[in-house]
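Contents: one structure, followed by commentary.
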Amino acid sequence: MSRRAFIKKTAFTSLGLTAFGWLDAQTISFSQSLPKVSRQRIEDRIQALGQFGLDENGHGYRVAYTQGDIAGRKWFMDLMSKAGLNPRIDAGGNIIGRRAGKNSALKPIAFGSHIDMVPDGGNYDGALGSLSALEVIEVLNENKIIYRAYFGSYRFWQ
């Protein structure tokens with residue numbers, strides 16, 4: 001086995017995806033290159049989200065529960081729906097989207113962040129984690145990769 005093939009194969013094991021039964025050994029052919037995220041799609045969405053909640057001086061102000069945050073949440077939930085997730089809001093105000101896996105008895109893989117921001121927190125404050133989580137879902141969809149467990153894109157309140 002070449003060094004490159006070894007690294008690709010062990011990358012998933014070191015993340016625990018195979019060790020915890022989340023990834024079937026046949027899900028990805030390790031002789032092929034691994035799927036890649038779109039940096040441009042993430043950056044474009046960070047900039048689009050940054051337009052929600054701008055104050056009169058053009059500074060980002062998407063503090064939780066403001067009109068900018070509410071509009072940004074709707075926009076993010078629309079993206080989640082387009083990615084095949086069925087977003088819902090739980091009792092704590094978290095937006096949760098799930099992607100079905102092969103075995104619903106397994107616990108879900110959860111990741112994400114928040115899309116509201118502290119005053120002048122900047123466009124990347126929380127948005128990078130949430131939009132990167134969504135990007136992973138979209139790359140899995142585009143490459144027809146289905147894990148054993150549920151895979152979720154979460155947006156948590158801070």
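Convention: chains lettered A, B, ... in structure tokens order; per-chain residue numbering from 1; ligands numbered from 1 as shown.
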*List every residue of segment 105-137 of chain A that DSSP, applied to the backbone, labels as strand (DSSP E or B), and write the result as JSON, numbers by chain.*
{"A": [109, 110, 111, 112, 113]}
Just-selected residues, N, CA and C atoms written as an mmCIF file, in the first residue's frame:
data_model
loop_
_atom_site.group_PDB
_atom_site.id
_atom_site.type_symbol
_atom_site.label_atom_id
_atom_site.label_comp_id
_atom_site.auth_asym_id
_atom_site.auth_seq_id
_atom_site.Cartn_x
_atom_site.Cartn_y
_atom_site.Cartn_z
ATOM 1 N N ILE A 109 -24.284 11.668 14.371
ATOM 2 C CA ILE A 109 -23.052 12.448 14.357
ATOM 3 C C ILE A 109 -23.512 13.902 14.296
ATOM 4 N N ALA A 110 -23.143 14.703 15.270
ATOM 5 C CA ALA A 110 -23.628 16.081 15.342
ATOM 6 C C ALA A 110 -22.466 17.060 15.193
ATOM 7 N N PHE A 111 -22.683 18.094 14.426
ATOM 8 C CA PHE A 111 -21.684 19.143 14.295
ATOM 9 C C PHE A 111 -22.355 20.422 13.837
ATOM 10 N N GLY A 112 -21.713 21.533 14.064
ATOM 11 C CA GLY A 112 -22.245 22.821 13.667
ATOM 12 C C GLY A 112 -21.765 23.911 14.589
ATOM 13 N N SER A 113 -22.462 25.021 14.571
ATOM 14 C CA SER A 113 -22.091 26.157 15.396
ATOM 15 C C SER A 113 -23.316 27.062 15.497
#
*Determine the nearest neighbour of Asp120 of chain A from the options A:Ile95, A:Ala48, A:Ala71, A:Leu54, counting only C-alpha atoms.*
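Closest residue, counting only C-alpha atoms: A:Leu54.
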*Nearest to Gly50 of chain A among A:Leu140, A:Ile146, A:Ala91, A:Leu128, with distances taken over only C-alpha atoms: which residue is it?*
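Checking each of A:Leu140, A:Ile146, A:Ala91, A:Leu128 against Gly50 of chain A, counting only C-alpha atoms, the winner is A:Leu128.
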*For Ile145 of chain A, which of A:Val118, A:Ile70, A:Ile46, A:Ala100 is the closest residue, counting only C-alpha atoms?*
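Nearest candidate to Ile145 of chain A out of A:Val118, A:Ile70, A:Ile46, A:Ala100: A:Ala100.
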_Rounded to one decimal, what separation in Å do you get between atom CA of Gly84 of chain A and atom CA of Leu34 of chain A?_
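Interatomic distance here is 21.6 Å.
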